[in-house]
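Structure data (PDB, C-alpha atoms) from target_0.pdb:
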ATOM      1  CA  MET A  96      14.427 136.295 117.030
ATOM      2  CA  LEU A  97      14.635 139.975 116.116
ATOM      3  CA  PHE A  98      15.402 140.895 119.712
ATOM      4  CA  ARG A  99      18.115 138.232 119.915
ATOM      5  CA  ASP A 100      19.689 139.388 116.636
ATOM      6  CA  SER A 101      19.652 142.970 117.877
ATOM      7  CA  MET A 102      21.407 141.911 121.067
ATOM      8  CA  LEU A 103      24.056 140.020 119.089
ATOM      9  CA  LEU A 104      24.627 143.051 116.851
ATOM     10  CA  SER A 105      24.959 145.293 119.886
ATOM     11  CA  ARG A 106      27.519 142.952 121.419
ATOM     12  CA  ARG A 107      29.521 142.882 118.184
ATOM     13  CA  CYS A 108      29.479 146.671 117.964
ATOM     14  CA  ALA A 109      30.603 146.901 121.582
ATOM     15  CA  ALA A 110      33.413 144.453 120.847
ATOM     16  CA  VAL A 111      34.524 146.530 117.845
ATOM     17  CA  PHE A 112      34.477 149.672 119.985
ATOM     18  CA  LEU A 113      36.565 147.986 122.685
ATOM     19  CA  LEU A 114      39.008 146.721 120.041
ATOM     20  CA  ALA A 115      39.344 150.218 118.634
ATOM     21  CA  GLY A 116      39.959 151.586 122.098
ATOM     22  CA  SER A 117      42.582 148.975 122.862
ATOM     23  CA  VAL A 118      44.575 149.544 119.671
ATOM     24  CA  CYS A 119      44.228 153.260 119.071
ATOM     25  CA  GLY A 120      43.638 154.767 122.498
ATOM     26  CA  PHE A 121      40.261 156.156 123.485
ATOM     27  CA  SER A 122      41.472 159.745 123.118
ATOM     28  CA  SER A 123      41.853 159.103 119.376
ATOM     29  CA  CYS A 124      38.688 157.171 118.663
ATOM     30  CA  ALA A 125      36.713 160.317 117.965
ATOM     31  CA  ASP A 126      38.952 160.522 114.886
ATOM     32  CA  ALA A 127      38.731 156.789 114.160
ATOM     33  CA  GLY A 128      39.541 156.138 110.525
ATOM     34  CA  ARG A 129      39.419 159.840 109.612
ATOM     35  CA  ALA A 130      42.345 161.941 108.483
ATOM     36  CA  VAL A 131      43.562 164.636 110.862
ATOM     37  CA  SER A 132      44.902 167.389 108.637
ATOM     38  CA  VAL A 133      47.458 170.012 109.592
ATOM     39  CA  GLY A 134      48.294 172.944 107.354
ATOM     40  CA  ARG A 135      46.290 174.397 104.521
ATOM     41  CA  GLN A 136      45.854 174.633 100.781
ATOM     42  CA  VAL A 137      47.873 177.558  99.415
ATOM     43  CA  ARG A 138      47.859 179.222  96.020
ATOM     44  CA  GLY A 139      51.496 180.188  95.783
ATOM     45  CA  THR A 140      54.449 178.046  96.883
ATOM     46  CA  ILE A 141      58.103 178.794  97.621
ATOM     47  CA  PRO A 142      61.330 176.766  97.348
ATOM     48  CA  LEU A 143      62.226 174.464 100.226
ATOM     49  CA  ARG A 144      65.272 176.543 101.146
ATOM     50  CA  ASP A 145      63.065 179.577 101.768
ATOM     51  CA  ILE A 146      61.001 177.896 104.487
ATOM     52  CA  ASP A 147      61.635 179.391 107.927
ATOM     53  CA  HIS A 148      62.403 176.757 110.577
ATOM     54  CA  SER A 149      63.331 179.207 113.344
ATOM     55  CA  VAL A 150      60.158 178.687 115.409
ATOM     56  CA  TRP A 151      60.652 174.917 115.321
ATOM     57  CA  ASP A 152      64.274 175.459 116.374
ATOM     58  CA  GLN A 153      63.174 177.573 119.357
ATOM     59  CA  LEU A 154      60.615 174.999 120.482
ATOM     60  CA  LEU A 155      63.138 172.174 120.265
ATOM     61  CA  ARG A 156      65.676 174.105 122.331
ATOM     62  CA  ARG A 157      63.014 174.834 124.931
ATOM     63  CA  TYR A 158      61.535 171.357 125.350
ATOM     64  CA  VAL A 159      64.097 168.749 124.210
ATOM     65  CA  ASP A 160      67.178 167.713 126.194
ATOM     66  CA  ASP A 161      70.574 166.612 124.874
ATOM     67  CA  ASP A 162      69.507 162.953 124.812
ATOM     68  CA  GLY A 163      66.435 163.694 122.701
ATOM     69  CA  TYR A 164      63.863 163.351 125.459
ATOM     70  CA  VAL A 165      60.903 165.726 125.331
ATOM     71  CA  ASN A 166      59.250 167.631 128.135
ATOM     72  CA  TYR A 167      55.777 166.795 126.817
ATOM     73  CA  ARG A 168      54.112 167.775 130.072
ATOM     74  CA  ALA A 169      55.357 171.363 129.927
ATOM     75  CA  TRP A 170      54.816 171.657 126.171
ATOM     76  CA  HIS A 171      51.278 170.308 126.476
ATOM     77  CA  ALA A 172      50.575 172.749 129.306
ATOM     78  CA  SER A 173      51.579 175.738 127.138
ATOM     79  CA  ARG A 174      48.697 176.598 124.843
ATOM     80  CA  ALA A 175      50.866 179.287 123.262
ATOM     81  CA  ASP A 176      53.654 176.882 122.335
ATOM     82  CA  ARG A 177      51.260 174.238 121.068
ATOM     83  CA  GLN A 178      49.825 176.916 118.799
ATOM     84  CA  LYS A 179      53.323 177.903 117.686
ATOM     85  CA  LEU A 180      53.930 174.309 116.629
ATOM     86  CA  ARG A 181      50.669 174.231 114.688
ATOM     87  CA  ASP A 182      51.507 177.570 113.043
ATOM     88  CA  TYR A 183      54.946 176.251 112.080
ATOM     89  CA  LEU A 184      53.394 173.188 110.469
ATOM     90  CA  SER A 185      50.910 175.412 108.641
ATOM     91  CA  GLY A 186      53.858 177.417 107.343
ATOM     92  CA  LEU A 187      55.291 174.249 105.795
ATOM     93  CA  SER A 188      52.237 174.161 103.522
ATOM     94  CA  SER A 189      53.811 176.957 101.498
ATOM     95  CA  ALA A 190      56.684 174.751 100.385
ATOM     96  CA  ASP A 191      56.986 173.381  96.882
ATOM     97  CA  PRO A 192      58.543 169.918  97.317
ATOM     98  CA  LYS A 193      59.758 170.038  93.706
ATOM     99  CA  GLN A 194      61.835 173.178  94.285
ATOM    100  CA  GLY A 195      64.803 172.026  96.318
ATOM    101  CA  ASP A 196      68.204 170.369  96.053
ATOM    102  CA  ARG A 197      68.907 167.121  97.909
ATOM    103  CA  HIS A 198      70.089 168.924 101.059
ATOM    104  CA  ALA A 199      66.972 171.082 101.164
ATOM    105  CA  VAL A 200      64.757 168.042 100.595
ATOM    106  CA  LYS A 201      66.301 166.138 103.508
ATOM    107  CA  ALA A 202      66.246 169.068 105.931
ATOM    108  CA  PHE A 203      62.677 170.077 105.103
ATOM    109  CA  TRP A 204      61.161 166.607 105.333
ATOM    110  CA  ILE A 205      63.089 165.534 108.448
ATOM    111  CA  ASN A 206      61.806 168.660 110.190
ATOM    112  CA  ALA A 207      58.304 168.031 108.843
ATOM    113  CA  TYR A 208      58.269 164.389 109.984
ATOM    114  CA  ASN A 209      59.550 165.124 113.482
ATOM    115  CA  ALA A 210      57.344 168.191 114.026
ATOM    116  CA  LEU A 211      54.239 166.363 112.811
ATOM    117  CA  THR A 212      55.025 163.442 115.122
ATOM    118  CA  ILE A 213      55.413 165.732 118.136
ATOM    119  CA  TYR A 214      52.173 167.472 117.203
ATOM    120  CA  GLY A 215      50.440 164.094 117.047
ATOM    121  CA  ILE A 216      51.739 163.079 120.462
ATOM    122  CA  LEU A 217      50.707 166.387 122.046
ATOM    123  CA  ARG A 218      47.168 165.802 120.733
ATOM    124  CA  GLU A 219      47.082 162.531 122.686
ATOM    125  CA  TYR A 220      49.090 163.450 125.766
ATOM    126  CA  PRO A 221      49.236 162.007 128.365
ATOM    127  CA  THR A 222      50.121 158.737 126.674
ATOM    128  CA  SER A 223      52.757 156.066 127.232
ATOM    129  CA  SER A 224      53.597 155.144 123.620
ATOM    130  CA  ILE A 225      52.915 156.110 120.036
ATOM    131  CA  ARG A 226      51.832 152.499 119.547
ATOM    132  CA  ASN A 227      48.680 153.330 121.522
ATOM    133  CA  HIS A 228      47.614 155.377 118.496
ATOM    134  CA  THR A 229      48.478 153.073 115.593
ATOM    135  CA  ALA A 230      45.317 151.026 115.073
ATOM    136  CA  ARG A 231      45.736 148.147 112.645
ATOM    137  CA  LEU A 232      42.115 147.117 112.192
ATOM    138  CA  VAL A 233      39.732 149.806 113.416
ATOM    139  CA  GLY A 234      40.349 153.432 114.306
ATOM    140  CA  TYR A 235      42.914 156.148 114.079
ATOM    141  CA  ASN A 236      46.454 155.318 112.981
ATOM    142  CA  ILE A 237      48.818 158.218 113.588
ATOM    143  CA  TRP A 238      51.191 157.079 110.831
ATOM    144  CA  LYS A 239      48.447 156.982 108.221
ATOM    145  CA  ASP A 240      45.774 159.432 109.390
ATOM    146  CA  LEU A 241      47.816 162.387 110.680
ATOM    147  CA  GLN A 242      48.590 164.369 107.544
ATOM    148  CA  LEU A 243      50.453 167.547 106.655
ATOM    149  CA  TYR A 244      49.489 169.646 103.650
ATOM    150  CA  ALA A 245      52.533 170.617 101.615
ATOM    151  CA  GLY A 246      52.781 171.448  97.950
ATOM    152  CA  GLY A 247      49.023 171.229  97.596
ATOM    153  CA  GLN A 248      48.583 167.661  98.829
ATOM    154  CA  PRO A 249      48.382 165.784 102.141
ATOM    155  CA  TRP A 250      51.362 163.789 103.358
ATOM    156  CA  ALA A 251      50.982 161.178 106.084
ATOM    157  CA  LEU A 252      53.964 160.280 108.252
ATOM    158  CA  GLU A 253      54.401 157.013 106.385
ATOM    159  CA  ASP A 254      54.327 158.926 103.075
ATOM    160  CA  ILE A 255      57.097 161.248 104.231
ATOM    161  CA  GLU A 256      59.230 158.330 105.337
ATOM    162  CA  HIS A 257      58.686 155.842 102.523
ATOM    163  CA  ARG A 258      57.811 157.995  99.507
ATOM    164  CA  ILE A 259      60.255 160.841 100.101
ATOM    165  CA  LEU A 260      63.058 160.325 102.617
ATOM    166  CA  ARG A 261      63.843 156.688 101.869
ATOM    167  CA  LYS A 262      63.804 157.549  98.158
ATOM    168  CA  THR A 263      66.803 159.854  98.711
ATOM    169  CA  GLY A 264      68.951 156.730  99.008
ATOM    170  CA  ASP A 265      70.602 158.036 102.185
ATOM    171  CA  PRO A 266      70.310 155.432 104.988
ATOM    172  CA  ARG A 267      71.256 158.067 107.569
ATOM    173  CA  ILE A 268      67.686 159.366 107.481
ATOM    174  CA  HIS A 269      66.837 156.399 109.750
ATOM    175  CA  PHE A 270      68.979 158.067 112.415
ATOM    176  CA  ALA A 271      67.190 161.390 111.962
ATOM    177  CA  ILE A 272      63.426 160.813 111.880
ATOM    178  CA  VAL A 273      61.948 160.157 115.293
ATOM    179  CA  CYS A 274      58.761 158.249 116.143
ATOM    180  CA  ALA A 275      58.554 159.623 119.704
ATOM    181  CA  SER A 276      59.919 156.411 121.222
ATOM    182  CA  ALA A 277      62.842 155.693 123.528
ATOM    183  CA  GLY A 278      64.209 153.280 120.923
ATOM    184  CA  CYS A 279      64.336 155.995 118.283
ATOM    185  CA  PRO A 280      67.391 157.967 117.282
ATOM    186  CA  ARG A 281      67.994 161.112 119.295
ATOM    187  CA  LEU A 282      65.624 163.962 118.529
ATOM    188  CA  ARG A 283      68.018 166.841 117.977
ATOM    189  CA  ASN A 284      67.235 169.944 120.002
ATOM    190  CA  GLU A 285      67.800 172.095 116.956
ATOM    191  CA  ALA A 286      66.153 172.290 113.545
ATOM    192  CA  TRP A 287      67.706 170.605 110.536
ATOM    193  CA  THR A 288      68.933 173.069 107.911
ATOM    194  CA  PRO A 289      70.038 172.566 104.290
ATOM    195  CA  ASP A 290      73.491 174.014 104.967
ATOM    196  CA  LYS A 291      74.147 171.720 107.952
ATOM    197  CA  VAL A 292      72.083 168.628 107.171
ATOM    198  CA  ASP A 293      74.968 166.471 105.963
ATOM    199  CA  ARG A 294      76.976 167.134 109.127
ATOM    200  CA  GLN A 295      73.854 166.720 111.290
ATOM    201  CA  LEU A 296      73.149 163.340 109.703
ATOM    202  CA  ASP A 297      76.679 162.127 110.401
ATOM    203  CA  LEU A 298      76.518 163.356 114.003
ATOM    204  CA  ASN A 299      73.207 161.630 114.619
ATOM    205  CA  ALA A 300      74.421 158.387 113.031
ATOM    206  CA  ARG A 301      77.484 158.351 115.290
ATOM    207  CA  ASP A 302      75.365 159.271 118.295
ATOM    208  CA  PHE A 303      72.945 156.430 117.488
ATOM    209  CA  PHE A 304      75.657 153.773 117.601
ATOM    210  CA  SER A 305      77.232 155.286 120.712
ATOM    211  CA  ARG A 306      74.196 154.186 122.761
ATOM    212  CA  ALA A 307      74.046 150.707 124.274
ATOM    213  CA  GLN A 308      70.351 150.349 123.465
ATOM    214  CA  ASN A 309      71.206 150.587 119.749
ATOM    215  CA  PHE A 310      74.613 148.949 119.427
ATOM    216  CA  ARG A 311      76.950 146.582 121.258
ATOM    217  CA  TYR A 312      79.813 144.473 119.955
ATOM    218  CA  ASP A 313      81.178 141.276 121.490
ATOM    219  CA  PRO A 314      84.639 140.687 119.972
ATOM    220  CA  GLY A 315      84.914 137.260 121.605
ATOM    221  CA  SER A 316      81.993 135.824 119.652
ATOM    222  CA  GLY A 317      82.167 138.344 116.808
ATOM    223  CA  THR A 318      78.560 139.288 117.469
ATOM    224  CA  PHE A 319      77.051 142.668 116.606
ATOM    225  CA  PHE A 320      73.974 143.576 118.629
ATOM    226  CA  LEU A 321      72.001 146.098 116.606
ATOM    227  CA  SER A 322      68.792 148.082 116.923
ATOM    228  CA  GLU A 323      65.843 146.498 115.139
ATOM    229  CA  ILE A 324      65.841 149.558 112.867
ATOM    230  CA  LEU A 325      68.696 147.822 111.027
ATOM    231  CA  LYS A 326      66.488 144.757 110.628
ATOM    232  CA  TRP A 327      63.361 146.564 109.461
ATOM    233  CA  TYR A 328      65.252 148.653 106.909
ATOM    234  CA  ALA A 329      68.087 146.282 106.027
ATOM    235  CA  ASP A 330      67.558 146.900 102.307
ATOM    236  CA  ASP A 331      68.438 150.575 102.789
ATOM    237  CA  PHE A 332      71.789 149.522 104.274
ATOM    238  CA  GLY A 333      72.700 147.051 101.517
ATOM    239  CA  GLY A 334      70.447 144.072 102.168
ATOM    240  CA  SER A 335      72.689 141.245 103.345
ATOM    241  CA  GLN A 336      74.123 141.131 106.857
ATOM    242  CA  ALA A 337      77.630 141.638 105.487
ATOM    243  CA  ASP A 338      76.508 144.687 103.497
ATOM    244  CA  VAL A 339      74.723 146.153 106.516
ATOM    245  CA  LEU A 340      77.890 145.804 108.585
ATOM    246  CA  ARG A 341      80.028 147.421 105.897
ATOM    247  CA  THR A 342      77.597 150.337 105.577
ATOM    248  CA  ILE A 343      77.443 151.122 109.295
ATOM    249  CA  SER A 344      81.171 150.584 109.934
ATOM    250  CA  VAL A 345      82.018 154.280 109.500
ATOM    251  CA  TRP A 346      79.673 155.271 112.344
ATOM    252  CA  LEU A 347      80.675 152.663 114.928
ATOM    253  CA  PRO A 348      82.260 153.893 118.164
ATOM    254  CA  ASP A 349      85.500 151.861 118.379
ATOM    255  CA  GLN A 350      88.214 150.544 116.084
ATOM    256  CA  ARG A 351      87.661 146.845 116.754
ATOM    257  CA  SER A 352      84.009 146.938 115.762
ATOM    258  CA  GLN A 353      84.803 149.202 112.805
ATOM    259  CA  LYS A 354      87.434 146.805 111.477
ATOM    260  CA  ALA A 355      85.229 143.723 111.782
ATOM    261  CA  ALA A 356      82.254 145.524 110.246
ATOM    262  CA  ARG A 357      84.324 146.814 107.297
ATOM    263  CA  GLN A 358      85.205 143.214 106.505
ATOM    264  CA  GLY A 359      81.526 142.243 106.744
ATOM    265  CA  ARG A 360      82.558 139.679 109.313
ATOM    266  CA  GLY A 361      80.421 138.710 112.259
ATOM    267  CA  ARG A 362      76.989 137.648 113.366
ATOM    268  CA  ILE A 363      74.097 140.020 113.930
ATOM    269  CA  ARG A 364      71.623 139.816 116.772
ATOM    270  CA  TYR A 365      68.855 142.378 117.190
ATOM    271  CA  LEU A 366      68.107 144.296 120.364
ATOM    272  CA  THR A 367      64.501 144.664 121.476
ATOM    273  CA  TYR A 368      63.099 147.999 120.363
ATOM    274  CA  ASP A 369      61.778 150.229 123.154
ATOM    275  CA  TRP A 370      58.420 151.714 122.142
ATOM    276  CA  SER A 371      57.905 153.653 125.379
ATOM    277  CA  LEU A 372      57.418 157.392 124.919
ATOM    278  CA  ASN A 373      60.571 159.535 124.760
ATOM    279  CA  ASP A 374      59.168 161.546 127.654
ATOM    280  CA  GLN A 375      61.433 163.289 130.148
ATOM    281  CA  ALA A 376      58.944 162.307 132.863
ATOM    282  CA  ARG A 377      59.408 158.595 132.056
ATOM    283  CA  ARG A 378      62.994 158.350 130.939
ATOM    284  CA  GLY A 379      65.337 155.617 132.122
ATOM    285  CA  SER A 380      69.114 155.420 132.163
ATOM    286  CA  GLY A 381      69.617 153.039 129.214
ATOM    287  CA  THR A 382      69.737 155.671 126.495
ATOM    288  CA  ARG A 383      72.713 157.653 127.698
ATOM    289  CA  ARG A 384      75.837 157.527 125.606
ATOM    290  CA  ARG A 385      78.701 155.321 126.675
TER     291      ARG A 385
END

Using structure tokens, write down the structure that the file contains.
Amino acid sequence: MLFRDSMLLSRRCAAVFLLAGSVCGFSSCADAGRAVSVGRQVRGTIPLRDIDHSVWDQLLRRYVDDDGYVNYRAWHASRADRQKLRDYLSGLSSADPKQGDRHAVKAFWINAYNALTIYGILREYPTSSIRNHTARLVGYNIWKDLQLYAGGQPWALEDIEHRILRKTGDPRIHFAIVCASAGCPRLRNEAWTPDKVDRQLDLNARDFFSRAQNFRYDPGSGTFFLSEILKWYADDFGGSQADVLRTISVWLPDQRSQKAARQGRGRIRYLTYDWSLNDQARRGSGTRRR
């Protein structure tokens, strides 16, 4: 009986291990359920506007193309540039999140979210999707367990998104933060800055709706085909379908769709979100602008 029970326990443990591997990727299971911290505790902090994003800007220009696809292979192969990214993230630890106007808050946390995501992907590379590292039951979840120290406390990716950026009340942040997927908004190949963030947000919103994977309009049936981002975060765009259409109308690419959306008139259908990695080595043709 004892032997049989031991065998059953072993089989259950093996099943749990296989489940963890299937949902979080075996490269992450060494960190299963444990936080992966980036940055450091600091004694003195500085205002958000005083944080230097120049290194992040240089890395983005070097490894990201105009459509937001990343040369992960080359970046991963450069130990020096992976260290530069880690050093940049460590530098963000010096920021005091309470010392910044709304423009500084948006620029700082968009940069932090995107840089932390890229760092997380480079830890796992080669990989085909961030979803390989988002365990729901057992193991490492990149959105919960990868954490940046800033202002004396750890911030997970989901904290940055839900507790800070969404709280700004600006729905354009959904066209700025990037989860390393082809269905995401374009990862800009420049850093976000407080002085330019409002213009950058508008540009990225317009770019988002200029891509067929995110937006199409059929005037014959009055149907708007939208990215699932607009479904997941509908409340941030007004809640009802009519309100969502009115909110996005200013960023749509043509006058017919703009006019119909302003009137809140039309049906909405959602396009399937593409979770494949935004990797230059894997990219397809569907994300190019019309």

>> Using Å and a single decimal, report how far atom CA of A:Asn206 sits from atom CA of A:Ala245.
In response: 12.8 Å

>> Within 9 Å of (72.6, 143.1, 117.1) (file coordinates; all atoms listed in the file), which protein or nucleic acid residues are there? I'd like them as number ranges by chain.
In response: A: 309-312, 318-323, 325, 362-366

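Closest approach to A:Thr367 among A:Gln308, A:Ser149, A:Ser185, A:Asn209: A:Gln308, based on only C-alpha atoms.
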
> Quick one: distance from atom CA of A:Tyr214 to atom CA of A:Gly278 in Å, one decimal?
Replying inline: 19.0 Å

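Each of A:Leu217, A:Asn284, A:Gly234, A:Pro192 was compared to A:Ile255 using only C-alpha atoms, and A:Pro192 turns out to be the nearest.
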
> On this structure, which residues satisfy the PyMOL selection byres ((chain A and resi 176-181) around 9), written as a ChimeraX atom specification?
Replying inline: /A:133-134,150-151,154,170-175,182-186,210-211,213-214,217

> Quick one: residues within 9 Å of A:His148, all atoms listed in the file counted, chain neighbours fewer than 3 positions away excluded, as a PyMOL selection string?
Replying inline: chain A and resi 151-153+183+187+203+206+286-288

>> as a list in words, please: the residues near A:Lys354 (cut-off 8 Å, all atoms listed in the file, same-chain neighbours under 4 positions excluded).
In response: Ser344, Gln350 and Gln358 of chain A

>> Using all atoms listed in the file, which protein or nucleic acid residues come within 10 Å of A:Gly246? Drop anything in the same chain fewer than 4 positions from it, and give the result as a VMD selection string.
In response: chain A and resid 135 to 141 187 to 194 250

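The nearest approach to A:His269 among the residues A:Ala202, A:Val131, A:Ala355, A:Ala300, with all atoms listed in the file taken into account, belongs to A:Ala300.
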
> So how far away is atom CA of A:Arg168 from atom CA of A:Asp369, in Å?
Replying inline: 20.4 Å

> Which residues, written as an NGL selection string, have at least one atom at most 9 Å from A:Gln336, with all atoms listed in the file counted and residues fewer than 5 positions away on the same chain left out?
Replying inline: :A and (329 or 341 or 359-363)

Residue subset to file, keeping C-alpha atoms, as a PDB file, keeping the file's coordinate frame:
ATOM      1  CA  ALA A 329      68.087 146.282 106.027  1.00  0.00           C
ATOM      2  CA  ARG A 341      80.028 147.421 105.897  1.00  0.00           C
ATOM      3  CA  GLY A 359      81.526 142.243 106.744  1.00  0.00           C
ATOM      4  CA  ARG A 360      82.558 139.679 109.313  1.00  0.00           C
ATOM      5  CA  GLY A 361      80.421 138.710 112.259  1.00  0.00           C
ATOM      6  CA  ARG A 362      76.989 137.648 113.366  1.00  0.00           C
ATOM      7  CA  ILE A 363      74.097 140.020 113.930  1.00  0.00           C
TER       8      ILE A 363
END

Which residues would end up in the selection if the PyMOL selection byres ((chain A and resi 200) around 10) were applied here, given that I need the answer as a PDB file with C-alpha atoms, keeping the file's coordinate frame?
ATOM      1  CA  PRO A 142      61.330 176.766  97.348  1.00  0.00           C
ATOM      2  CA  LEU A 143      62.226 174.464 100.226  1.00  0.00           C
ATOM      3  CA  ARG A 144      65.272 176.543 101.146  1.00  0.00           C
ATOM      4  CA  PRO A 192      58.543 169.918  97.317  1.00  0.00           C
ATOM      5  CA  LYS A 193      59.758 170.038  93.706  1.00  0.00           C
ATOM      6  CA  GLN A 194      61.835 173.178  94.285  1.00  0.00           C
ATOM      7  CA  GLY A 195      64.803 172.026  96.318  1.00  0.00           C
ATOM      8  CA  ASP A 196      68.204 170.369  96.053  1.00  0.00           C
ATOM      9  CA  ARG A 197      68.907 167.121  97.909  1.00  0.00           C
ATOM     10  CA  HIS A 198      70.089 168.924 101.059  1.00  0.00           C
ATOM     11  CA  ALA A 199      66.972 171.082 101.164  1.00  0.00           C
ATOM     12  CA  LYS A 201      66.301 166.138 103.508  1.00  0.00           C
ATOM     13  CA  ALA A 202      66.246 169.068 105.931  1.00  0.00           C
ATOM     14  CA  PHE A 203      62.677 170.077 105.103  1.00  0.00           C
ATOM     15  CA  TRP A 204      61.161 166.607 105.333  1.00  0.00           C
ATOM     16  CA  ILE A 205      63.089 165.534 108.448  1.00  0.00           C
ATOM     17  CA  ILE A 259      60.255 160.841 100.101  1.00  0.00           C
ATOM     18  CA  LEU A 260      63.058 160.325 102.617  1.00  0.00           C
ATOM     19  CA  THR A 263      66.803 159.854  98.711  1.00  0.00           C
ATOM     20  CA  THR A 288      68.933 173.069 107.911  1.00  0.00           C
ATOM     21  CA  PRO A 289      70.038 172.566 104.290  1.00  0.00           C
ATOM     22  CA  VAL A 292      72.083 168.628 107.171  1.00  0.00           C
TER      23      VAL A 292
END

File contents for stretch 358-372 of chain A with N, CA and C atoms as a JSON list (two decimals), in the first residue's frame:
[["chain", "number", "residue", "atom", "x", "y", "z"],
["A", 358, "GLN", "N", -20.94, 59.13, -34.70],
["A", 358, "GLN", "CA", -22.37, 59.01, -34.42],
["A", 358, "GLN", "C", -22.69, 57.79, -33.56],
["A", 359, "GLY", "N", -21.65, 57.00, -33.24],
["A", 359, "GLY", "CA", -21.85, 55.80, -32.44],
["A", 359, "GLY", "C", -22.69, 54.77, -33.16],
["A", 360, "ARG", "N", -22.62, 54.80, -34.49],
["A", 360, "ARG", "CA", -23.50, 53.98, -35.31],
["A", 360, "ARG", "C", -22.71, 52.85, -35.97],
["A", 361, "GLY", "N", -23.18, 51.64, -35.77],
["A", 361, "GLY", "CA", -22.53, 50.51, -36.40],
["A", 361, "GLY", "C", -22.39, 49.33, -35.46],
["A", 362, "ARG", "N", -22.10, 48.19, -36.05],
["A", 362, "ARG", "CA", -21.86, 46.99, -35.26],
["A", 362, "ARG", "C", -20.37, 46.80, -35.08],
["A", 363, "ILE", "N", -20.00, 46.12, -34.01],
["A", 363, "ILE", "CA", -18.60, 45.82, -33.74],
["A", 363, "ILE", "C", -18.38, 44.32, -33.77],
["A", 364, "ARG", "N", -17.37, 43.91, -34.50],
["A", 364, "ARG", "CA", -16.89, 42.54, -34.48],
["A", 364, "ARG", "C", -15.40, 42.60, -34.12],
["A", 365, "TYR", "N", -14.94, 41.59, -33.39],
["A", 365, "TYR", "CA", -13.56, 41.63, -32.90],
["A", 365, "TYR", "C", -12.66, 40.69, -33.70],
["A", 366, "LEU", "N", -11.49, 41.21, -34.03],
["A", 366, "LEU", "CA", -10.49, 40.46, -34.78],
["A", 366, "LEU", "C", -9.68, 39.60, -33.82],
["A", 367, "THR", "N", -9.29, 38.43, -34.27],
["A", 367, "THR", "CA", -8.52, 37.52, -33.42],
["A", 367, "THR", "C", -7.15, 38.11, -33.12],
["A", 368, "TYR", "N", -6.82, 38.15, -31.85],
["A", 368, "TYR", "CA", -5.55, 38.73, -31.41],
["A", 368, "TYR", "C", -4.41, 37.76, -31.72],
["A", 369, "ASP", "N", -3.32, 38.30, -32.23],
["A", 369, "ASP", "CA", -2.15, 37.49, -32.61],
["A", 369, "ASP", "C", -1.13, 37.53, -31.48],
["A", 370, "TRP", "N", -0.99, 36.41, -30.77],
["A", 370, "TRP", "CA", -0.07, 36.35, -29.64],
["A", 370, "TRP", "C", 1.34, 35.90, -30.03],
["A", 371, "SER", "N", 1.60, 35.71, -31.31],
["A", 371, "SER", "CA", 2.96, 35.32, -31.70],
["A", 371, "SER", "C", 3.94, 36.45, -31.42],
["A", 372, "LEU", "N", 5.19, 36.08, -31.15],
["A", 372, "LEU", "CA", 6.20, 37.05, -30.73],
["A", 372, "LEU", "C", 6.43, 38.10, -31.81]]
